[in-house]
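What follows is a single structure, written as structure tokens, with notes after it.
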Amino acid sequence: MASLKELRARIGSIKSTRKITSAMKMVAAAKLRRAQASAEAARPYAAAMRRMLGELAGATKGEDGAPLLLAGTGQDKVHLLVPMTSDRGLCGGFNSNVHRLTVQTIRRLQSEGKTVRLFPVGRRALNFFTRDYADLIVDHVIGTSAKEIPFSVASDLGDKINALLEAGEIDVCTLVFNKFRNAMTQVPTCQQLVPMVVEEASGTLEASNDVAQYEFEPDEATLLAMLLPRNLQVQIYASLLETVAGENGARMTAMDNATRNAGRTIDSLTQVYNRTRQTNITNELIEIISGAQAV
């Protein structure tokens, strides 16, 4: 049984830990509000870009010379996976969920005879995949846990992916990230970027006579060439914002759980301390009474 001194030391240490986890929870909660607002504001813009490019792609359907970002290389041999994680830990299973989904995707593609390349985004992703899949990594990006992520990060990442595509080094590109739902739920998601997945119009709209007809100026091919690289950057940036919001939500939840667990541990150790102290006092009283009776 631990001595009273050891129990006091353990209780003091856990109280200090509880103060730290409580402070980290409040910091994450403050960051979450701002990150959640940014992620939710980016969703309509990203969705509108996809819809608009879907209209353009529909207007140019069947024409030759479609951009690579839209039609791909025509092959399905080399897949580039872009797992997005945080730079820091202490956020529960946030990063491990992305790692797990990425590893499952790697194994599935390799079992189908495909070649896989990795472009980790975030220090945690880089460290994880360097251990077992270092030969698959073509490049990496870190520094995604900043207070505010500038659009230039997504722009540079999009340019690198586009360069790999134009060089013929990849055929398909897929993002793997946590889609933010709420502070307690982040959904691991795969989103194909290249070739772009064109959203089909619903059957109801297709059957309706009130479907709007669009005229494009300049022509559709010119607009696609201009907008497809921008759309790639927008989709990446929206995913980065989802990742940041999910990270702060996961960290707030993890630190809240840690704070609660520390409180329960303190209560348990306090009970042990009181029982041990009471036992020692009782033993001392028994010794005094026994000595007095002997005299």
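Each chain of the structure tokens is named A, B, ... in the order shown, its residues numbered from 1; ligands are numbered from 1 in display order.
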Neighbour list for segment 173-187 of chain A as a VMD selection string, cut-off 6 Å, only C-alpha atoms, skip fewer than 4 positions in-chain: chain A and resid 79 to 84 191 to 194 242 to 243 246 249
Preceding selection exported with N, CA, C and O atoms as a PDB file, in the first residue's frame:
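After the write, again16.pdb holds the following:
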```pdb
ATOM      1  N   HIS A  79      -2.542   6.209 -58.439  1.00  0.00           N
ATOM      2  CA  HIS A  79      -3.435   6.974 -57.573  1.00  0.00           C
ATOM      3  C   HIS A  79      -2.608   7.773 -56.567  1.00  0.00           C
ATOM      4  O   HIS A  79      -1.732   7.222 -55.898  1.00  0.00           O
ATOM      5  N   LEU A  80      -2.909   9.053 -56.465  1.00  0.00           N
ATOM      6  CA  LEU A  80      -2.288   9.911 -55.456  1.00  0.00           C
ATOM      7  C   LEU A  80      -3.288  10.123 -54.323  1.00  0.00           C
ATOM      8  O   LEU A  80      -4.388  10.638 -54.539  1.00  0.00           O
ATOM      9  N   LEU A  81      -2.910   9.731 -53.109  1.00  0.00           N
ATOM     10  CA  LEU A  81      -3.739   9.939 -51.925  1.00  0.00           C
ATOM     11  C   LEU A  81      -3.159  11.100 -51.124  1.00  0.00           C
ATOM     12  O   LEU A  81      -1.943  11.161 -50.908  1.00  0.00           O
ATOM     13  N   VAL A  82      -4.035  11.999 -50.688  1.00  0.00           N
ATOM     14  CA  VAL A  82      -3.613  13.177 -49.924  1.00  0.00           C
ATOM     15  C   VAL A  82      -4.275  13.113 -48.548  1.00  0.00           C
ATOM     16  O   VAL A  82      -5.365  13.672 -48.356  1.00  0.00           O
ATOM     17  N   PRO A  83      -3.663  12.415 -47.576  1.00  0.00           N
ATOM     18  CA  PRO A  83      -4.239  12.371 -46.225  1.00  0.00           C
ATOM     19  C   PRO A  83      -3.978  13.678 -45.483  1.00  0.00           C
ATOM     20  O   PRO A  83      -2.847  14.178 -45.455  1.00  0.00           O
ATOM     21  N   MET A  84      -5.031  14.244 -44.879  1.00  0.00           N
ATOM     22  CA  MET A  84      -4.928  15.513 -44.162  1.00  0.00           C
ATOM     23  C   MET A  84      -5.123  15.280 -42.672  1.00  0.00           C
ATOM     24  O   MET A  84      -6.175  14.773 -42.255  1.00  0.00           O
ATOM     25  N   GLN A 191     -12.529  12.085 -50.913  1.00  0.00           N
ATOM     26  CA  GLN A 191     -13.104  12.943 -51.951  1.00  0.00           C
ATOM     27  C   GLN A 191     -12.185  12.950 -53.158  1.00  0.00           C
ATOM     28  O   GLN A 191     -11.037  13.392 -53.066  1.00  0.00           O
ATOM     29  N   GLN A 192     -12.668  12.464 -54.283  1.00  0.00           N
ATOM     30  CA  GLN A 192     -11.859  12.427 -55.499  1.00  0.00           C
ATOM     31  C   GLN A 192     -11.793  13.813 -56.121  1.00  0.00           C
ATOM     32  O   GLN A 192     -12.808  14.455 -56.368  1.00  0.00           O
ATOM     33  N   LEU A 193     -10.567  14.246 -56.387  1.00  0.00           N
ATOM     34  CA  LEU A 193     -10.352  15.554 -57.008  1.00  0.00           C
ATOM     35  C   LEU A 193     -10.075  15.448 -58.495  1.00  0.00           C
ATOM     36  O   LEU A 193     -10.507  16.294 -59.282  1.00  0.00           O
ATOM     37  N   VAL A 194      -9.301  14.440 -58.881  1.00  0.00           N
ATOM     38  CA  VAL A 194      -8.902  14.263 -60.277  1.00  0.00           C
ATOM     39  C   VAL A 194      -9.139  12.802 -60.665  1.00  0.00           C
ATOM     40  O   VAL A 194      -8.672  11.906 -59.962  1.00  0.00           O
ATOM     41  N   GLU A 242     -12.164  22.147 -42.969  1.00  0.00           N
ATOM     42  CA  GLU A 242     -12.868  21.064 -42.282  1.00  0.00           C
ATOM     43  C   GLU A 242     -11.926  20.358 -41.316  1.00  0.00           C
ATOM     44  O   GLU A 242     -12.314  19.992 -40.191  1.00  0.00           O
ATOM     45  N   THR A 243     -10.678  20.167 -41.738  1.00  0.00           N
ATOM     46  CA  THR A 243      -9.696  19.490 -40.891  1.00  0.00           C
ATOM     47  C   THR A 243      -9.390  20.301 -39.640  1.00  0.00           C
ATOM     48  O   THR A 243      -9.311  19.763 -38.531  1.00  0.00           O
ATOM     49  N   GLY A 246     -12.394  20.175 -37.319  1.00  0.00           N
ATOM     50  CA  GLY A 246     -12.475  18.859 -36.705  1.00  0.00           C
ATOM     51  C   GLY A 246     -11.402  18.639 -35.657  1.00  0.00           C
ATOM     52  O   GLY A 246     -11.658  18.025 -34.605  1.00  0.00           O
ATOM     53  N   GLY A 249     -12.429  20.541 -32.527  1.00  0.00           N
ATOM     54  CA  GLY A 249     -13.539  19.859 -31.883  1.00  0.00           C
ATOM     55  C   GLY A 249     -13.108  18.588 -31.191  1.00  0.00           C
ATOM     56  O   GLY A 249     -13.517  18.303 -30.054  1.00  0.00           O
TER      57      GLY A 249
END
```
Filtered DSSP result for segment 108-283 of chain A, state strand (DSSP E), as a PyMOL selection string: chain A and resi 115-118+172-182+185-194
Atomic distance atom CA of Glu220 of chain A - atom CA of Pro195 of chain A, expressed in Å with one decimal: 17.6 Å
Atom pair atom CA of Lys25 of chain A / atom CA of Arg260 of chain A: separation (Å): 11.3 Å
Those in segment 76-135 of chain A with helix (DSSP H, G or I) from DSSP, as a PyMOL selection string: chain A and resi 94-111+123-135
